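For reference, structure_26.cif (mmCIF, C-alpha atoms and all ligand atoms):
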```
data_input
#
loop_
_atom_site.label_atom_id
_atom_site.label_comp_id
_atom_site.auth_asym_id
_atom_site.auth_seq_id
_atom_site.Cartn_x
_atom_site.Cartn_y
_atom_site.Cartn_z
CA MET A 1 207.14 157.31 87.09
CA SER A 2 206.89 153.55 86.71
CA ALA A 3 209.85 151.28 87.28
CA LEU A 4 210.57 148.82 84.49
CA LEU A 5 214.19 150.07 84.41
CA LYS A 6 214.66 150.84 88.10
CA ASP A 7 218.35 150.84 89.14
CA LYS A 8 219.51 150.38 85.56
CA VAL A 9 222.10 152.63 83.92
CA ALA A 10 221.69 153.24 80.21
CA VAL A 11 223.86 154.91 77.58
CA VAL A 12 221.94 156.33 74.62
CA THR A 13 223.76 157.71 71.57
CA GLY A 14 222.26 160.33 69.28
CA ALA A 15 220.18 161.43 72.25
CA ALA A 16 220.00 165.17 71.54
CA GLN A 17 216.88 164.92 69.40
CA GLY A 18 214.49 162.62 67.56
CA ILE A 19 214.22 158.94 68.42
CA GLY A 20 217.26 158.99 70.74
CA GLU A 21 215.81 161.84 72.77
CA PHE A 22 212.54 159.94 73.20
CA ILE A 23 214.38 156.78 74.21
CA ALA A 24 216.32 158.74 76.85
CA ARG A 25 213.06 160.28 78.13
CA ALA A 26 211.26 156.93 78.24
CA PHE A 27 214.18 155.28 80.05
CA CYS A 28 214.20 158.10 82.63
CA HIS A 29 210.46 157.72 83.06
CA GLU A 30 210.98 154.01 83.80
CA GLY A 31 213.50 154.77 86.54
CA ALA A 32 216.83 154.43 84.70
CA SER A 33 219.83 156.73 85.06
CA VAL A 34 220.75 157.83 81.55
CA PHE A 35 224.07 158.90 80.04
CA MET A 36 223.25 160.76 76.83
CA GLY A 37 225.72 161.19 73.97
CA ASP A 38 225.53 163.15 70.72
CA ARG A 39 227.84 165.06 68.40
CA ASP A 40 225.57 168.12 68.60
CA ALA A 41 226.86 169.54 71.89
CA CYS A 42 224.44 172.48 72.14
CA ARG A 43 221.30 170.55 71.54
CA LEU A 44 222.47 167.67 73.74
CA GLN A 45 223.07 170.06 76.61
CA ALA A 46 219.60 171.59 76.22
CA THR A 47 217.84 168.20 76.07
CA ALA A 48 219.79 166.81 79.04
CA GLN A 49 219.11 169.95 81.08
CA GLU A 50 215.38 169.66 80.37
CA LEU A 51 215.38 166.11 81.72
CA MET A 52 217.41 167.10 84.78
CA ASP A 53 214.98 169.96 85.44
CA GLN A 54 212.23 167.32 85.54
CA GLY A 55 214.14 165.56 88.33
CA TYR A 56 215.57 162.70 86.28
CA VAL A 57 219.08 161.32 86.81
CA VAL A 58 220.92 162.22 83.64
CA ASP A 59 224.44 163.06 82.51
CA SER A 60 225.62 163.92 79.03
CA GLN A 61 228.78 164.12 76.99
CA SER A 62 229.26 165.28 73.46
CA PHE A 63 231.06 162.74 71.29
CA ASP A 64 231.05 161.54 67.73
CA VAL A 65 230.41 157.80 67.44
CA THR A 66 232.92 157.60 64.58
CA ASP A 67 235.77 158.75 66.82
CA ARG A 68 236.99 155.54 68.52
CA GLN A 69 239.17 157.19 71.12
CA HIS A 70 236.51 159.71 72.07
CA VAL A 71 233.88 156.94 72.29
CA LYS A 72 236.16 154.93 74.61
CA GLU A 73 236.65 157.95 76.86
CA ALA A 74 232.92 158.73 76.91
CA MET A 75 231.95 155.16 77.87
CA ALA A 76 234.60 155.17 80.62
CA ALA A 77 233.12 158.48 81.83
CA ALA A 78 229.63 156.94 81.91
CA LYS A 79 230.90 154.02 84.00
CA GLU A 80 232.77 156.38 86.29
CA ARG A 81 229.71 158.62 86.73
CA PHE A 82 227.15 155.89 87.48
CA GLY A 83 229.34 152.99 88.64
CA ARG A 84 228.02 150.56 86.02
CA ILE A 85 226.37 150.32 82.59
CA ASP A 86 223.44 147.95 82.03
CA VAL A 87 222.08 149.06 78.67
CA LEU A 88 223.61 150.52 75.51
CA VAL A 89 221.36 151.97 72.80
CA ASN A 90 223.20 152.49 69.51
CA ASN A 91 220.84 155.06 68.04
CA ALA A 92 223.12 157.74 66.50
CA GLY A 93 222.58 157.71 62.76
CA ALA A 94 222.11 159.85 59.68
CA TYR A 95 220.35 159.32 56.36
CA PRO A 96 221.08 161.99 53.73
CA ARG A 97 219.74 160.94 50.33
CA ARG A 98 222.09 160.40 47.39
CA HIS A 99 221.52 158.52 44.14
CA PHE A 100 224.08 155.76 43.69
CA LEU A 101 225.35 157.26 40.42
CA GLU A 102 226.01 160.59 42.15
CA MET A 103 227.55 159.10 45.27
CA SER A 104 231.13 160.05 46.15
CA ASP A 105 233.50 157.74 48.01
CA ARG A 106 233.19 160.16 50.91
CA ASP A 107 229.36 159.90 50.93
CA TRP A 108 229.61 156.12 51.14
CA ASP A 109 232.36 156.09 53.77
CA GLN A 110 230.55 158.61 55.97
CA MET A 111 227.30 156.60 56.03
CA VAL A 112 229.07 153.34 56.82
CA ASP A 113 231.13 155.15 59.42
CA ILE A 114 228.22 156.69 61.30
CA ASN A 115 225.59 153.97 60.97
CA LEU A 116 227.68 150.79 61.14
CA ASN A 117 231.16 151.61 62.48
CA GLY A 118 229.62 153.91 65.09
CA THR A 119 227.57 150.99 66.40
CA PHE A 120 230.71 148.82 66.49
CA ASN A 121 232.78 151.53 68.22
CA CYS A 122 230.28 152.08 71.04
CA THR A 123 229.60 148.37 71.48
CA ARG A 124 233.28 147.50 71.64
CA ALA A 125 233.83 150.13 74.32
CA VAL A 126 230.89 148.94 76.45
CA ALA A 127 231.01 145.16 75.96
CA PRO A 128 233.93 144.50 78.40
CA ILE A 129 232.01 146.40 81.10
CA LEU A 130 228.89 144.28 80.52
CA VAL A 131 230.96 141.09 80.47
CA GLU A 132 232.55 142.02 83.79
CA GLN A 133 229.09 142.65 85.26
CA LYS A 134 227.88 139.32 83.80
CA GLN A 135 224.74 140.93 82.36
CA GLY A 136 223.56 143.62 80.02
CA ALA A 137 221.41 144.59 77.06
CA ILE A 138 222.47 146.16 73.79
CA ILE A 139 219.83 147.68 71.52
CA ASN A 140 220.81 148.64 67.99
CA ILE A 141 218.67 150.85 65.81
CA GLY A 142 218.34 149.47 62.29
CA SER A 143 215.80 150.47 59.66
CA VAL A 144 213.05 148.73 57.71
CA THR A 145 214.70 150.16 54.60
CA PHE A 146 217.08 147.18 54.93
CA PHE A 147 214.19 144.79 54.30
CA LEU A 148 212.57 146.94 51.62
CA GLY A 149 215.53 148.37 49.70
CA MET A 150 215.28 152.11 49.19
CA ALA A 151 216.27 154.29 46.24
CA ASN A 152 218.79 157.05 46.96
CA LEU A 153 219.90 155.35 50.17
CA THR A 154 222.21 152.50 49.10
CA HIS A 155 224.94 153.64 51.49
CA TYR A 156 222.57 153.95 54.46
CA VAL A 157 220.63 150.75 53.75
CA ALA A 158 223.83 148.73 53.33
CA ALA A 159 225.06 150.04 56.68
CA LYS A 160 221.75 149.28 58.42
CA GLY A 161 221.80 145.78 56.94
CA GLY A 162 225.18 145.45 58.58
CA VAL A 163 223.61 146.49 61.89
CA VAL A 164 221.07 143.65 61.63
CA GLY A 165 223.82 141.10 60.87
CA PHE A 166 225.97 142.54 63.64
CA THR A 167 223.06 142.18 66.08
CA ARG A 168 222.53 138.51 65.27
CA SER A 169 226.19 137.54 65.36
CA LEU A 170 226.99 139.56 68.48
CA ALA A 171 224.04 137.91 70.25
CA ARG A 172 225.75 134.56 69.61
CA ASP A 173 229.14 135.85 70.84
CA LEU A 174 227.79 137.45 74.03
CA GLY A 175 224.92 135.16 74.99
CA SER A 176 227.09 133.02 77.25
CA HIS A 177 227.92 136.20 79.19
CA ASN A 178 224.22 136.84 79.83
CA ILE A 179 224.23 139.83 77.47
CA ARG A 180 221.25 140.26 75.19
CA VAL A 181 221.62 142.01 71.81
CA ASN A 182 218.53 143.09 69.90
CA CYS A 183 217.63 145.54 67.18
CA ILE A 184 214.69 147.82 66.47
CA SER A 185 213.98 148.62 62.84
CA PRO A 186 211.85 151.75 62.68
CA GLY A 187 209.66 152.46 59.67
CA ALA A 188 208.99 156.04 58.59
CA VAL A 189 209.11 157.90 61.89
CA ALA A 190 207.97 161.50 62.13
CA THR A 191 211.17 163.27 63.23
CA GLU A 192 212.77 166.57 62.24
CA SER A 193 215.24 164.88 59.92
CA GLU A 194 212.51 163.50 57.68
CA LYS A 195 212.43 166.89 55.96
CA ASN A 196 215.01 165.43 53.53
CA PHE A 197 212.16 163.30 52.22
CA GLY A 198 209.45 165.97 51.85
CA THR A 199 206.84 167.80 53.91
CA PRO A 200 204.97 165.89 56.64
CA GLU A 201 201.90 165.88 54.36
CA GLU A 202 203.87 164.45 51.42
CA ILE A 203 205.43 161.76 53.61
CA ALA A 204 202.06 160.83 55.13
CA ALA A 205 200.56 160.54 51.65
CA ALA A 206 203.43 158.26 50.57
CA VAL A 207 203.71 155.96 53.58
CA LEU A 208 200.22 155.59 55.04
CA PRO A 209 198.92 153.54 52.10
CA LEU A 210 201.85 151.15 52.65
CA GLN A 211 201.40 150.82 56.42
CA SER A 212 198.69 148.63 57.96
CA LEU A 213 198.10 151.17 60.74
CA LYS A 214 196.85 154.39 59.21
CA ARG A 215 198.73 156.83 61.42
CA ARG A 216 202.29 158.13 61.43
CA ILE A 217 204.77 156.25 63.60
CA VAL A 218 206.25 158.66 66.16
CA PRO A 219 209.48 158.51 68.21
CA ALA A 220 207.55 157.47 71.32
CA ASP A 221 206.50 154.27 69.48
CA ILE A 222 210.16 153.33 69.08
CA ALA A 223 211.01 154.38 72.65
CA ARG A 224 208.37 152.08 74.16
CA VAL A 225 209.84 149.07 72.35
CA ALA A 226 213.33 150.11 73.48
CA VAL A 227 212.06 150.12 77.09
CA PHE A 228 210.71 146.62 76.58
CA LEU A 229 213.99 145.30 75.09
CA ALA A 230 216.05 146.97 77.84
CA SER A 231 213.85 145.56 80.59
CA ASP A 232 213.59 142.13 82.14
CA LEU A 233 210.32 141.67 80.22
CA ALA A 234 212.57 140.75 77.28
CA ALA A 235 214.89 138.54 79.37
CA GLY A 236 214.39 135.60 76.99
CA MET A 237 215.04 137.51 73.77
CA THR A 238 218.32 138.01 71.95
CA GLY A 239 219.46 138.33 68.34
CA GLN A 240 216.06 139.64 67.29
CA THR A 241 215.05 142.54 65.09
CA LEU A 242 211.66 144.09 65.81
CA ASN A 243 210.09 146.19 63.07
CA VAL A 244 208.21 149.18 64.47
CA ASP A 245 206.70 150.46 61.28
CA GLY A 246 202.92 150.40 61.60
CA GLY A 247 202.78 147.05 59.82
CA TRP A 248 204.68 147.96 56.65
CA VAL A 249 207.23 145.14 56.41
CA MET A 250 206.13 141.70 57.60
CA TYR A 251 208.76 138.95 57.79
N1 LIG B 1 213.23 158.76 61.52
C1 LIG B 1 213.07 157.66 60.79
O1 LIG B 1 212.13 157.57 59.98
C2 LIG B 1 213.98 156.49 60.94
C3 LIG B 1 213.67 155.31 60.26
C4 LIG B 1 214.50 154.21 60.39
C5 LIG B 1 215.63 154.30 61.18
N2 LIG B 1 215.93 155.46 61.81
C6 LIG B 1 217.14 155.48 62.62
O2 LIG B 1 216.84 155.96 63.92
C7 LIG B 1 217.96 156.64 64.46
C8 LIG B 1 217.56 158.03 64.90
O3 LIG B 1 217.00 158.72 63.79
P1 LIG B 1 216.21 160.10 63.95
O4 LIG B 1 215.18 160.12 62.90
O5 LIG B 1 215.85 160.33 65.36
O6 LIG B 1 217.36 161.10 63.48
P2 LIG B 1 217.71 162.57 63.97
O7 LIG B 1 218.54 163.16 62.89
O8 LIG B 1 216.49 163.30 64.43
O9 LIG B 1 218.62 162.31 65.26
C9 LIG B 1 219.85 161.66 65.14
C10 LIG B 1 220.77 162.17 66.24
O10 LIG B 1 222.02 161.47 66.09
C11 LIG B 1 223.08 162.41 66.17
N3 LIG B 1 224.21 161.93 65.40
C12 LIG B 1 224.30 161.78 64.06
N4 LIG B 1 225.52 161.36 63.73
C13 LIG B 1 226.23 161.25 64.88
C14 LIG B 1 227.54 160.86 65.18
N5 LIG B 1 228.40 160.54 64.21
N6 LIG B 1 227.93 160.83 66.47
C15 LIG B 1 227.08 161.17 67.46
N7 LIG B 1 225.82 161.58 67.24
C16 LIG B 1 225.40 161.60 65.95
C17 LIG B 1 222.51 163.70 65.59
O11 LIG B 1 223.24 164.84 66.04
C18 LIG B 1 221.07 163.66 66.11
O12 LIG B 1 220.95 164.28 67.37
C19 LIG B 1 219.03 156.63 63.36
O13 LIG B 1 219.89 155.55 63.55
C20 LIG B 1 218.21 156.43 62.10
O14 LIG B 1 218.95 155.87 61.06
C21 LIG B 1 215.15 156.57 61.71
#
```
Starting from the file, lay out its structure as structure tokens.
Amino acid sequence: MSALLKDKVAVVTGAAQGIGEFIARAFCHEGASVFMGDRDACRLQATAQELMDQGYVVDSQSFDVTDRQHVKEAMAAAKERFGRIDVLVNNAGAYPRRHFLEMSDRDWDQMVDINLNGTFNCTRAVAPILVEQKQGAIINIGSVTFFLGMANLTHYVAAKGGVVGFTRSLARDLGSHNIRVNCISPGAVATESEKNFGTPEEIAAAVLPLQSLKRRIVPADIARVAVFLASDLAAGMTGQTLNVDGGWVMY
């Protein structure tokens, strides 16, 4: 174990699997206590138990980021359990494909609700705690699809664009309270949920020619950047969006 996040308490949403699970693992590895949240109670329990079995300091609670009351209760439980919260990672998200012309109102509302309102709900519940502590770091998970535009994902990409704008504006609102707000925009990351887009071979064939690095980006790549943004190494950074996409988008 190294100690970039020693004595820090982090809340990670969508932590049962994929990128969120790897962020929780990496934070534990760096010495943080981690409160893991996810709507998938079974899988969350299994992932949290695995980390506890490895001797890490972890607690978990199942909640849906779209449920404001439940989010409030979960964040209060995290504070109660660990006595403070230093870092919030708004990672919970979903990206089912739907062509715009086939999109129902419900499809649109659900994507905005999970990917954008969920980020707002968790942030609003945690921000007063960070303000009271006079320090903190919020890390939002965006997507490079916002910079690229992506067919069949208008609902998702619009919501992730909102996350980037939210990050920048919130950084301005909270900077005077010594709270940093940054965003990671992953590229095409090899997780279970990418099966909506094809087989691993099909996805590799589609994305590797577009990336500068000729290997798939994996959840651990995102987790390492999350550790950096959560740590004092990034003490001078706020309002920024870092693309972790193997050199696909370059702005
Ligand atoms: N995998 C990629 O290529 C990629 C690319 C860009 C951005 N992202 C973003 O990274 C984040 C994680 O993606 P992933 O690939 O690990 O996905 P994933 O589907 O593997 O994991 C997402 C987790 O979030 C949970 N979740 C979903 N909706 C929730 C809700 N309403 N409340 C609580 N938990 C909820 C799921 O149960 C799941 O455990 C998402 O925000 C996603 O949009 C992923």
Could you make a table, as a tab-separated table, of the residues of chain A that have an atom within 8 Å of an atom of ligand LIG 1 (chain B), each with its nearest atom pair and distance in Å to one decimal, counting only C-alpha atoms and all ligand atoms, in chain and number order?
```
residue	atom	partner	partner_atom	distance
A:Thr13	CA	B:LIG1	N7	6.2
A:Gly14	CA	B:LIG1	O10	3.4
A:Ala15	CA	B:LIG1	O12	5.7
A:Ala16	CA	B:LIG1	O12	4.4
A:Gln17	CA	B:LIG1	O12	4.6
A:Gly18	CA	B:LIG1	O5	3.5
A:Ile19	CA	B:LIG1	O5	3.7
A:Gly20	CA	B:LIG1	O5	5.7
A:Glu21	CA	B:LIG1	O5	7.6
A:Gly37	CA	B:LIG1	C15	6.7
A:Asp38	CA	B:LIG1	N7	3.8
A:Arg39	CA	B:LIG1	C15	4.1
A:Asp40	CA	B:LIG1	O11	4.8
A:Arg43	CA	B:LIG1	O12	7.5
A:Leu44	CA	B:LIG1	O12	7.4
A:Ser62	CA	B:LIG1	C15	7.6
A:Phe63	CA	B:LIG1	C15	5.7
A:Asp64	CA	B:LIG1	N6	3.4
A:Val65	CA	B:LIG1	N6	4.0
A:Thr66	CA	B:LIG1	N5	5.4
A:Asn90	CA	B:LIG1	O13	7.5
A:Asn91	CA	B:LIG1	O13	4.6
A:Ala92	CA	B:LIG1	O10	3.9
A:Gly93	CA	B:LIG1	O13	3.5
A:Ala94	CA	B:LIG1	C12	5.3
A:Tyr95	CA	B:LIG1	O14	6.0
A:Asp113	CA	B:LIG1	N5	7.7
A:Ile114	CA	B:LIG1	N5	4.8
A:Asn115	CA	B:LIG1	O13	6.5
A:Gly118	CA	B:LIG1	N5	6.8
A:Ile141	CA	B:LIG1	O13	5.4
A:Gly142	CA	B:LIG1	C5	5.6
A:Ser143	CA	B:LIG1	C4	4.0
A:Val144	CA	B:LIG1	C4	6.3
A:Thr145	CA	B:LIG1	C4	7.1
A:Tyr156	CA	B:LIG1	O14	7.8
A:Lys160	CA	B:LIG1	O14	7.6
A:Ser185	CA	B:LIG1	C4	6.1
A:Pro186	CA	B:LIG1	C4	4.3
A:Gly187	CA	B:LIG1	C3	5.0
A:Ala188	CA	B:LIG1	O1	3.8
A:Val189	CA	B:LIG1	O1	3.6
A:Ala190	CA	B:LIG1	N1	6.0
A:Thr191	CA	B:LIG1	O4	5.1
A:Glu192	CA	B:LIG1	O8	5.4
A:Ser193	CA	B:LIG1	O7	4.8
A:Glu194	CA	B:LIG1	N1	6.1
A:Pro219	CA	B:LIG1	O5	7.2
```
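Taking CA of Leu210 in chain A as the reference point, CA of Met150 in chain A is found at 13.9 Å.
For the pair CA of Val112 in chain A and CA of Gly161 in chain A, the interatomic distance is 10.5 Å.
Closest approach to Ile184 in chain A from the set A:Leu148, A:Leu170, A:Ala226, A:Val218 is made by A:Ala226, with distances taken over only C-alpha atoms.
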Would you mind listing, for every residue of range 124-234 of chain A within 12 Å of range 27-35 of chain A, the two atoms forming the shortest contact and the distance between them in Å to one decimal, using only C-alpha atoms, sorted by chain and ascending residue number, as a Markdown table?
```
| residue | atom | partner | partner_atom | distance |
| --- | --- | --- | --- | --- |
| A:Ala220 | CA | A:Phe27 | CA | 11.2 |
| A:Ile222 | CA | A:Phe27 | CA | 11.8 |
| A:Ala223 | CA | A:Phe27 | CA | 8.1 |
| A:Arg224 | CA | A:Phe27 | CA | 8.9 |
| A:Val225 | CA | A:Phe27 | CA | 10.8 |
| A:Ala226 | CA | A:Phe27 | CA | 8.4 |
| A:Val227 | CA | A:Phe27 | CA | 6.3 |
| A:Phe228 | CA | A:Phe27 | CA | 10.0 |
| A:Leu229 | CA | A:Phe27 | CA | 11.1 |
| A:Ala230 | CA | A:Phe27 | CA | 8.8 |
| A:Ser231 | CA | A:Glu30 | CA | 9.5 |
```
Write out the residues from the selection above, keeping C-alpha atoms, as a PDB file, keeping the file's coordinate frame.
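part01.pdb written:
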```pdb
ATOM      1  CA  ALA A 220     207.550 157.470  71.320  1.00  0.00           C
ATOM      2  CA  ILE A 222     210.160 153.330  69.080  1.00  0.00           C
ATOM      3  CA  ALA A 223     211.010 154.380  72.650  1.00  0.00           C
ATOM      4  CA  ARG A 224     208.370 152.080  74.160  1.00  0.00           C
ATOM      5  CA  VAL A 225     209.840 149.070  72.350  1.00  0.00           C
ATOM      6  CA  ALA A 226     213.330 150.110  73.480  1.00  0.00           C
ATOM      7  CA  VAL A 227     212.060 150.120  77.090  1.00  0.00           C
ATOM      8  CA  PHE A 228     210.710 146.620  76.580  1.00  0.00           C
ATOM      9  CA  LEU A 229     213.990 145.300  75.090  1.00  0.00           C
ATOM     10  CA  ALA A 230     216.050 146.970  77.840  1.00  0.00           C
ATOM     11  CA  SER A 231     213.850 145.560  80.590  1.00  0.00           C
TER      12      SER A 231
END
```
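Distances from A:Ile203, A:Ala3, A:Ser60, A:Cys183 to Cys42 in chain A were compared using all atoms listed in the file, and the smallest one belongs to A:Ser60.
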Selection: 8 Å around range 123-134 of chain A, all atoms listed in the file, excl. self and same-chain fewer than 2 positions, as a list in words: Val71, Lys72, Met75, Arg84, Ile85, Asp86, Leu88, Asn90, Thr119, Phe120, Asn121, Gly136, Ile138, His177, Asn178 and Ile179 of chain A
